[in-house]
Structure formats: C-alpha cells, structure tokens
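Everything below belongs to data.pdb, which stores PDB, C-alpha atoms.
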ATOM      1  CA  MET M   1    -114.887  97.532  62.110
ATOM      2  CA  LYS M   2    -112.770  98.687  59.230
ATOM      3  CA  ASN M   3    -114.003  98.020  55.709
ATOM      4  CA  ARG M   4    -111.092  95.709  54.966
ATOM      5  CA  ILE M   5    -111.433  93.539  58.058
ATOM      6  CA  PHE M   6    -111.306  90.237  56.207
ATOM      7  CA  PHE M   7    -108.213  91.195  54.255
ATOM      8  CA  LEU M   8    -106.556  92.009  57.565
ATOM      9  CA  PHE M   9    -107.724  88.675  58.941
ATOM     10  CA  PHE M  10    -106.127  87.037  55.925
ATOM     11  CA  LEU M  11    -102.817  88.755  56.575
ATOM     12  CA  LEU M  12    -102.794  87.452  60.094
ATOM     13  CA  HIS M  13    -103.640  83.945  58.956
ATOM     14  CA  ALA M  14    -101.019  84.107  56.256
ATOM     15  CA  VAL M  15     -98.224  84.813  58.680
ATOM     16  CA  THR M  16     -98.820  81.716  60.762
ATOM     17  CA  ALA M  17     -97.441  79.153  58.342
ATOM     18  CA  PHE M  18     -94.880  77.532  60.599
ATOM     19  CA  SER M  19     -92.406  74.875  59.538
ATOM     20  CA  GLY M  20     -92.588  71.238  60.562
ATOM     21  CA  GLU M  21     -89.197  70.952  62.231
ATOM     22  CA  LEU M  22     -88.859  68.711  65.255
ATOM     23  CA  ILE M  23     -88.175  71.727  67.449
ATOM     24  CA  ALA M  24     -90.681  74.498  66.802
ATOM     25  CA  PRO M  25     -88.926  77.769  65.894
ATOM     26  CA  ALA M  26     -89.874  80.964  67.724
ATOM     27  CA  PRO M  27     -93.300  81.918  66.362
ATOM     28  CA  ASP M  28     -92.479  85.585  65.805
ATOM     29  CA  PHE M  29     -89.453  84.639  63.697
ATOM     30  CA  MET M  30     -91.559  82.391  61.516
ATOM     31  CA  VAL M  31     -94.250  85.062  61.302
ATOM     32  CA  LYS M  32     -91.741  87.496  59.822
ATOM     33  CA  GLN M  33     -90.436  84.888  57.402
ATOM     34  CA  VAL M  34     -93.813  83.919  56.028
ATOM     35  CA  VAL M  35     -95.169  87.476  55.908
ATOM     36  CA  GLY M  36     -92.316  88.316  53.589
ATOM     37  CA  GLU M  37     -93.026  85.282  51.410
ATOM     38  CA  VAL M  38     -96.759  85.906  51.130
ATOM     39  CA  LEU M  39     -96.508  89.634  50.502
ATOM     40  CA  SER M  40     -93.748  89.021  47.970
ATOM     41  CA  THR M  41     -96.023  86.639  46.071
ATOM     42  CA  LEU M  42     -98.814  89.198  45.982
ATOM     43  CA  GLN M  43     -96.459  91.938  44.828
ATOM     44  CA  GLN M  44     -94.681  89.900  42.154
ATOM     45  CA  ASP M  45     -97.748  88.267  40.611
ATOM     46  CA  SER M  46     -99.793  91.301  39.626
ATOM     47  CA  GLY M  47    -102.559  89.138  38.216
ATOM     48  CA  ILE M  48    -103.118  86.869  41.196
ATOM     49  CA  THR M  49    -105.611  89.174  42.898
ATOM     50  CA  HIS M  50    -107.801  88.945  39.781
ATOM     51  CA  ASP M  51    -107.638  85.148  39.519
ATOM     52  CA  ILE M  52    -110.021  83.677  42.082
ATOM     53  CA  LYS M  53    -108.986  80.099  41.316
ATOM     54  CA  LYS M  54    -105.364  80.932  42.081
ATOM     55  CA  LEU M  55    -106.407  82.639  45.296
ATOM     56  CA  ASP M  56    -108.510  79.663  46.389
ATOM     57  CA  ALA M  57    -105.559  77.363  45.707
ATOM     58  CA  LEU M  58    -103.153  79.653  47.571
ATOM     59  CA  VAL M  59    -105.298  79.713  50.683
ATOM     60  CA  ASP M  60    -105.981  75.984  50.637
ATOM     61  CA  ALA M  61    -102.447  74.795  49.915
ATOM     62  CA  LYS M  62    -100.187  77.332  51.583
ATOM     63  CA  ILE M  63    -102.085  78.918  54.451
ATOM     64  CA  PHE M  64    -104.833  76.818  56.003
ATOM     65  CA  PRO M  65    -102.808  73.637  56.610
ATOM     66  CA  ARG M  66    -101.058  75.580  59.376
ATOM     67  CA  PHE M  67    -104.207  76.126  61.459
ATOM     68  CA  ASP M  68    -105.704  74.010  64.193
ATOM     69  CA  PHE M  69    -109.156  73.986  62.628
ATOM     70  CA  SER M  70    -110.451  71.418  65.068
ATOM     71  CA  ARG M  71    -109.775  73.646  68.056
ATOM     72  CA  MET M  72    -110.904  76.768  66.193
ATOM     73  CA  THR M  73    -114.210  75.144  65.251
ATOM     74  CA  ARG M  74    -114.731  73.762  68.742
ATOM     75  CA  LEU M  75    -114.216  77.207  70.268
ATOM     76  CA  THR M  76    -116.444  78.826  67.654
ATOM     77  CA  ILE M  77    -119.526  76.682  68.237
ATOM     78  CA  GLY M  78    -118.832  76.122  71.940
ATOM     79  CA  ALA M  79    -118.285  73.033  74.081
ATOM     80  CA  LYS M  80    -122.015  72.434  74.585
ATOM     81  CA  TYR M  81    -122.723  71.928  70.901
ATOM     82  CA  TRP M  82    -119.364  70.325  70.102
ATOM     83  CA  ASN M  83    -119.851  67.629  72.735
ATOM     84  CA  SER M  84    -123.450  66.991  71.683
ATOM     85  CA  VAL M  85    -122.489  65.344  68.382
ATOM     86  CA  THR M  86    -120.415  62.380  67.262
ATOM     87  CA  PRO M  87    -116.789  62.671  66.117
ATOM     88  CA  GLN M  88    -117.996  62.157  62.540
ATOM     89  CA  VAL M  89    -120.349  65.133  62.768
ATOM     90  CA  GLN M  90    -117.628  67.175  64.454
ATOM     91  CA  GLN M  91    -115.334  66.522  61.494
ATOM     92  CA  GLN M  92    -118.083  67.509  59.062
ATOM     93  CA  MET M  93    -118.453  70.785  60.931
ATOM     94  CA  VAL M  94    -114.691  71.384  60.812
ATOM     95  CA  ASP M  95    -114.591  70.649  57.075
ATOM     96  CA  GLU M  96    -117.464  72.982  56.165
ATOM     97  CA  PHE M  97    -116.144  75.787  58.368
ATOM     98  CA  ARG M  98    -112.737  75.433  56.754
ATOM     99  CA  VAL M  99    -114.185  75.686  53.242
ATOM    100  CA  PHE M 100    -116.342  78.643  54.278
ATOM    101  CA  LEU M 101    -113.342  80.531  55.628
ATOM    102  CA  GLY M 102    -111.263  79.564  52.610
ATOM    103  CA  TYR M 103    -113.609  81.353  50.230
ATOM    104  CA  THR M 104    -113.853  84.326  52.570
ATOM    105  CA  PHE M 105    -110.102  84.785  52.785
ATOM    106  CA  ALA M 106    -109.521  84.239  49.076
ATOM    107  CA  ASP M 107    -111.975  87.048  48.349
ATOM    108  CA  ALA M 108    -110.191  89.197  50.916
ATOM    109  CA  ILE M 109    -106.762  88.685  49.357
ATOM    110  CA  ALA M 110    -108.122  90.230  46.167
ATOM    111  CA  GLN M 111    -108.294  93.548  48.062
ATOM    112  CA  TYR M 112    -104.554  93.658  48.717
ATOM    113  CA  THR M 113    -102.829  96.940  47.836
ATOM    114  CA  ASP M 114     -99.709  97.993  49.688
ATOM    115  CA  GLU M 115    -100.175  97.165  53.376
ATOM    116  CA  THR M 116     -97.137  96.189  55.425
ATOM    117  CA  VAL M 117     -96.740  94.393  58.751
ATOM    118  CA  ASP M 118     -94.877  95.578  61.850
ATOM    119  CA  PHE M 119     -94.058  93.227  64.720
ATOM    120  CA  VAL M 120     -94.218  93.913  68.438
ATOM    121  CA  PRO M 121     -91.216  92.340  70.214
ATOM    122  CA  LEU M 122     -92.152  89.004  71.748
ATOM    123  CA  TYR M 123     -90.894  87.600  75.031
ATOM    124  CA  LEU M 124     -90.987  83.853  74.543
ATOM    125  CA  ASP M 125     -91.101  81.758  77.680
ATOM    126  CA  PRO M 126     -89.411  78.462  76.688
ATOM    127  CA  GLU M 127     -92.006  76.616  78.753
ATOM    128  CA  ALA M 128     -94.975  78.344  77.121
ATOM    129  CA  ASN M 129     -97.340  76.271  75.005
ATOM    130  CA  ASP M 130     -99.861  79.033  74.359
ATOM    131  CA  LEU M 131     -99.067  82.660  73.590
ATOM    132  CA  THR M 132    -100.042  85.821  71.754
ATOM    133  CA  VAL M 133     -98.033  87.245  68.878
ATOM    134  CA  LYS M 134     -98.763  90.933  68.331
ATOM    135  CA  THR M 135     -98.544  92.717  65.003
ATOM    136  CA  ARG M 136     -99.687  95.960  63.432
ATOM    137  CA  ILE M 137    -100.947  96.334  59.885
ATOM    138  CA  MET M 138     -99.612  99.561  58.407
ATOM    139  CA  ASP M 139    -101.784 101.153  55.725
ATOM    140  CA  PRO M 140    -100.532 104.440  54.240
ATOM    141  CA  LYS M 141    -104.160 105.507  53.776
ATOM    142  CA  ASP M 142    -105.436 104.601  57.240
ATOM    143  CA  GLU M 143    -104.538 104.265  60.904
ATOM    144  CA  PRO M 144    -102.488 101.233  61.998
ATOM    145  CA  THR M 145    -104.568  98.203  62.900
ATOM    146  CA  LYS M 146    -103.650  95.969  65.831
ATOM    147  CA  LEU M 147    -103.609  92.288  64.942
ATOM    148  CA  TYR M 148    -103.005  89.717  67.662
ATOM    149  CA  PHE M 149    -103.162  85.991  67.258
ATOM    150  CA  GLN M 150    -103.285  83.118  69.689
ATOM    151  CA  VAL M 151    -101.056  80.177  68.886
ATOM    152  CA  GLU M 152    -100.520  76.853  70.563
ATOM    153  CA  LYS M 153     -97.422  74.690  70.479
ATOM    154  CA  THR M 154     -97.814  71.146  69.234
ATOM    155  CA  THR M 155     -95.107  68.500  69.124
ATOM    156  CA  SER M 156     -93.264  70.084  66.209
ATOM    157  CA  GLU M 157     -94.857  73.432  65.349
ATOM    158  CA  TRP M 158     -96.985  76.362  66.428
ATOM    159  CA  LYS M 159    -100.556  76.525  65.172
ATOM    160  CA  ILE M 160    -103.136  79.258  65.287
ATOM    161  CA  TYR M 161    -106.523  78.838  66.920
ATOM    162  CA  ASP M 162    -107.799  82.412  67.245
ATOM    163  CA  LEU M 163    -106.934  85.940  66.197
ATOM    164  CA  LYS M 164    -108.036  89.461  67.015
ATOM    165  CA  ILE M 165    -108.252  92.646  65.017
ATOM    166  CA  ASP M 166    -108.405  95.761  67.175
ATOM    167  CA  GLY M 167    -109.707  93.570  69.986
ATOM    168  CA  VAL M 168    -112.284  91.657  67.913
ATOM    169  CA  SER M 169    -111.828  87.881  68.062
ATOM    170  CA  LEU M 170    -112.469  85.859  64.903
ATOM    171  CA  VAL M 171    -113.746  82.967  67.009
ATOM    172  CA  ARG M 172    -116.129  85.219  68.934
ATOM    173  CA  LEU M 173    -117.275  86.897  65.729
ATOM    174  CA  TYR M 174    -118.373  83.621  64.161
ATOM    175  CA  HIS M 175    -119.684  82.326  67.475
ATOM    176  CA  ALA M 176    -122.120  85.243  67.467
ATOM    177  CA  ASN M 177    -122.964  84.723  63.789
ATOM    178  CA  PHE M 178    -123.691  81.016  64.243
ATOM    179  CA  SER M 179    -125.482  81.170  67.608
ATOM    180  CA  SER M 180    -129.007  81.542  66.223
ATOM    181  CA  ASP M 181    -128.625  78.624  63.804
ATOM    182  CA  LEU M 182    -127.155  76.450  66.544
ATOM    183  CA  ARG M 183    -130.037  77.198  68.914
ATOM    184  CA  GLN M 184    -132.681  76.544  66.276
ATOM    185  CA  GLU M 185    -131.222  73.649  64.291
ATOM    186  CA  GLY M 186    -128.189  72.369  66.179
ATOM    187  CA  VAL M 187    -124.814  71.493  64.714
ATOM    188  CA  GLU M 188    -126.295  69.414  61.892
ATOM    189  CA  GLY M 189    -128.453  72.354  60.822
ATOM    190  CA  LEU M 190    -125.473  74.680  60.782
ATOM    191  CA  ILE M 191    -123.503  72.144  58.734
ATOM    192  CA  ARG M 192    -126.310  71.985  56.173
ATOM    193  CA  LYS M 193    -126.443  75.766  55.947
ATOM    194  CA  LEU M 194    -122.686  76.114  55.514
ATOM    195  CA  HIS M 195    -122.601  73.289  52.970
ATOM    196  CA  LYS M 196    -125.304  74.962  50.886
ATOM    197  CA  LYS M 197    -123.510  78.292  51.049
ATOM    198  CA  ASN M 198    -120.195  76.680  50.115
ATOM    199  CA  GLN M 199    -121.765  74.925  47.127
ATOM    200  CA  GLU M 200    -123.295  78.178  45.899
ATOM    201  CA  VAL M 201    -119.975  79.999  46.174
ATOM    202  CA  ALA M 202    -118.097  77.161  44.459
ATOM    203  CA  ALA M 203    -120.569  77.163  41.563
ATOM    204  CA  SER M 204    -120.299  80.922  41.132
ATOM    205  CA  ARG M 205    -116.504  81.011  40.990
ATOM    206  CA  HIS M 206    -115.556  77.686  39.420
ATOM    207  CA  GLY M 207    -118.491  77.172  37.104
TER     208      GLY M 207
END
As structure tokens, the full file:
Amino acid sequence: MKNRIFFLFFLLHAVTAFSGELIAPAPDFMVKQVVGEVLSTLQQDSGITHDIKKLDALVDAKIFPRFDFSRMTRLTIGAKYWNSVTPQVQQQMVDEFRVFLGYTFADAIAQYTDETVDFVPLYLDPEANDLTVKTRIMDPKDEPTKLYFQVEKTTSEWKIYDLKIDGVSLVRLYHANFSSDLRQEGVEGLIRKLHKKNQEVAASRHG
C-alpha cells in the first residue's frame, strides 16, 4: 500500500459528511460539497496540521458523526463475535474503535499537502439504499489512487460503513488486524487492548 494510506482514508471519510435533511441529497453531490469545505479548511489554516488537539477536535466534531460506527464495528469484528456479547459490550467496542480511528485519522491529516479529489460520475437509482461512490485522489507527485466508499441510506441521510483504497477495504484491513486478539481473548480482550492503546495515545498528545 502507499505510504500515505491513512491520509487517503481520512480524505474519503472527510467527504462523507452528509446533511440531516428529511430527504437525503444525492451522496456524490454532498461528497463534492464537503470535500471542498474540508480541503479549504486545511489550506486556509496553515497551522492546523501542526496542532494535534485541533486535528483531534476536527475529526471528532466534523467528520465521525457522519459514520455508521455500529455497522462498521460489527462488520470489522464479524457477526460471530458481535453476537456473542451483550449490547453494552457491543457499545463499548464501538466506542473504543471510534476513538482508535479518531487518533489514526487525526495523525493522517497532519500529512496533508496538496492532494485533490476527482469524482467518477454516479448513477443513482432512486430506490437504492446501499451504493458505492467512486473517487480518485490526485497527487502531483504520485499516481492517482482509487478511493471507493460504501454508503447506506438511513431515514434522512447517507452514512458510510466501509471504504476501499485501490481495492483494500478498511473493514477487512482491521478485521485481519483484530482477528488474533479476538480468537485469543474475545471481544472483551480486544476492548481492553484498544482502551489501553487509546489511553496511551491520549496521554502522549494531550498531556
């Protein structure tokens, strides 16, 4: 994978901040709108990529609320493990995974230089509740990178539950990373490991 994979993952996540209107706008339209907003923020605030607290706040407040973290987490650990624990433990797993990804993406944003985003035309079936929006990340110093993301339609908005970079699924990537811990210690063991890691990262960046 490319060295900047997590920055590219961030870009894809960033473009999925859909509005909460009663009728969900076309996802590709909203992608274009939010890409412009996010990239504009990065370009106008030259110091933001050097301020980790600002980056953490940006990810938490402006980006992640637009994801379906419950579905993403369920797909990441798999139905077998998800169904083996109580709803309370499921929520703990969702919360720790969300924090873990938040730190990862905030660190990735700090690598932003001058990438741009191109959009592949989307045919939107009005009856579709699940679809793929295709984009390309254009880097003047590298080959274009294909970024696809899976979104689902809820009552009032589209939400993301998986994404791919050059064919590599974020859900599958973390499924592979977590599989050993899940086999050995179960969901509770993975939660403990993520919680410890999250605490260590929080202490290192927020003192």
For segment 142-170 of chain M versus segment 69-85 of chain M, which residues have an atom no more than 9 Å away, and what is each residue's nearest atom pair and distance in Å rounded to one decimal, using all atoms listed in the file, chain-then-number order, as CSV?
residue,atom,partner,partner_atom,distance
M:Ile160,CA,M:Met72,CA,8.2
M:Tyr161,CA,M:Met72,CA,4.9
M:Asp162,CA,M:Met72,CA,6.5
M:Leu170,CA,M:Thr76,CA,8.5
One decimal, Å: what's the distance from atom CA of Val59 of chain M over to atom CA of Ala26 of chain M, could you say?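 The value is 23.0 Å.
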Excluding same-chain residues fewer than 5 positions from Glu115 of chain M, what lies within 7 Å of it counting all atoms listed in the file, as a list of chain:residue names? M:Ile137, M:Met138, M:Asp139
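Taken over the shown file, the PyMOL selection byres ((chain M and resi 198) around 10) identifies Glu96, Phe97, Val99, Phe100, Leu101, Gly102, Tyr103, Arg192, Lys193, Leu194, His195, Lys196, Lys197, Gln199, Glu200, Val201, Ala202, Ala203 and Ser204 of chain M.
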Taking the file above as input, evaluate the PyMOL selection byres ((chain M and resi 49) around 8) and report the hits as a PyMOL selection string. chain M and resi 42+46-48+50-52+55+109-112
One number please: atom CA of Ile165 of chain M to atom CA of Thr135 of chain M, in Å, one decimal. 9.7 Å
Missing atoms in segment 144-175 of chain M need filling: write out N, CA and C atoms for it as a compact mmCIF listing (two decimals), in the frame of the given file.
# COMPACT_ATOMS: atom_id res chain seq x y z
N PRO M 144 -102.95 102.61 61.77
CA PRO M 144 -102.49 101.23 62.00
C PRO M 144 -103.57 100.39 62.67
N THR M 145 -103.60 99.13 62.33
CA THR M 145 -104.57 98.20 62.90
C THR M 145 -103.83 97.16 63.73
N LYS M 146 -104.27 96.97 64.97
CA LYS M 146 -103.65 95.97 65.83
C LYS M 146 -104.17 94.58 65.47
N LEU M 147 -103.25 93.67 65.23
CA LEU M 147 -103.61 92.29 64.94
C LEU M 147 -102.85 91.38 65.90
N TYR M 148 -103.59 90.66 66.72
CA TYR M 148 -103.00 89.72 67.66
C TYR M 148 -103.51 88.33 67.30
N PHE M 149 -102.64 87.34 67.44
CA PHE M 149 -103.16 85.99 67.26
C PHE M 149 -102.66 85.05 68.33
N GLN M 150 -103.57 84.14 68.69
CA GLN M 150 -103.28 83.12 69.69
C GLN M 150 -102.76 81.88 68.99
N VAL M 151 -101.63 81.39 69.45
CA VAL M 151 -101.06 80.18 68.89
C VAL M 151 -100.78 79.17 69.99
N GLU M 152 -100.83 77.92 69.62
CA GLU M 152 -100.52 76.85 70.56
C GLU M 152 -99.38 76.02 70.00
N LYS M 153 -98.56 75.50 70.88
CA LYS M 153 -97.42 74.69 70.48
C LYS M 153 -97.81 73.22 70.48
N THR M 154 -97.62 72.58 69.33
CA THR M 154 -97.81 71.15 69.23
C THR M 154 -96.45 70.48 69.35
N THR M 155 -96.37 69.22 69.00
CA THR M 155 -95.11 68.50 69.12
C THR M 155 -93.99 69.14 68.31
N SER M 156 -94.31 69.62 67.11
CA SER M 156 -93.26 70.08 66.21
C SER M 156 -93.48 71.48 65.63
N GLU M 157 -94.58 72.13 65.95
CA GLU M 157 -94.86 73.43 65.35
C GLU M 157 -95.87 74.22 66.18
N TRP M 158 -95.96 75.50 65.86
CA TRP M 158 -96.98 76.36 66.43
C TRP M 158 -98.16 76.42 65.46
N LYS M 159 -99.37 76.40 66.01
CA LYS M 159 -100.56 76.53 65.17
C LYS M 159 -101.50 77.57 65.77
N ILE M 160 -102.22 78.21 64.87
CA ILE M 160 -103.14 79.26 65.29
C ILE M 160 -104.50 78.68 65.61
N TYR M 161 -105.16 79.26 66.63
CA TYR M 161 -106.52 78.84 66.92
C TYR M 161 -107.46 80.01 67.14
N ASP M 162 -106.94 81.23 67.20
CA ASP M 162 -107.80 82.41 67.24
C ASP M 162 -106.96 83.63 66.91
N LEU M 163 -107.62 84.69 66.49
CA LEU M 163 -106.93 85.94 66.20
C LEU M 163 -107.86 87.11 66.48
N LYS M 164 -107.26 88.26 66.70
CA LYS M 164 -108.04 89.46 67.02
C LYS M 164 -107.59 90.63 66.15
N ILE M 165 -108.54 91.41 65.72
CA ILE M 165 -108.25 92.65 65.02
C ILE M 165 -108.85 93.79 65.82
N ASP M 166 -107.98 94.66 66.30
CA ASP M 166 -108.40 95.76 67.18
C ASP M 166 -109.33 95.25 68.28
N GLY M 167 -108.97 94.12 68.86
CA GLY M 167 -109.71 93.57 69.99
C GLY M 167 -110.86 92.65 69.62
N VAL M 168 -111.17 92.50 68.34
CA VAL M 168 -112.28 91.66 67.91
C VAL M 168 -111.76 90.27 67.56
N SER M 169 -112.26 89.26 68.26
CA SER M 169 -111.83 87.88 68.06
C SER M 169 -112.57 87.25 66.90
N LEU M 170 -111.84 86.57 66.01
CA LEU M 170 -112.47 85.86 64.90
C LEU M 170 -113.38 84.76 65.42
N VAL M 171 -112.93 84.03 66.43
CA VAL M 171 -113.75 82.97 67.01
C VAL M 171 -115.04 83.53 67.59
N ARG M 172 -114.93 84.62 68.34
CA ARG M 172 -116.13 85.22 68.93
C ARG M 172 -117.06 85.79 67.87
N LEU M 173 -116.47 86.34 66.81
CA LEU M 173 -117.28 86.90 65.73
C LEU M 173 -118.16 85.83 65.10
N TYR M 174 -117.57 84.68 64.77
CA TYR M 174 -118.37 83.62 64.16
C TYR M 174 -119.24 82.89 65.18
N HIS M 175 -118.82 82.89 66.43
CA HIS M 175 -119.68 82.33 67.47
C HIS M 175 -121.00 83.09 67.52
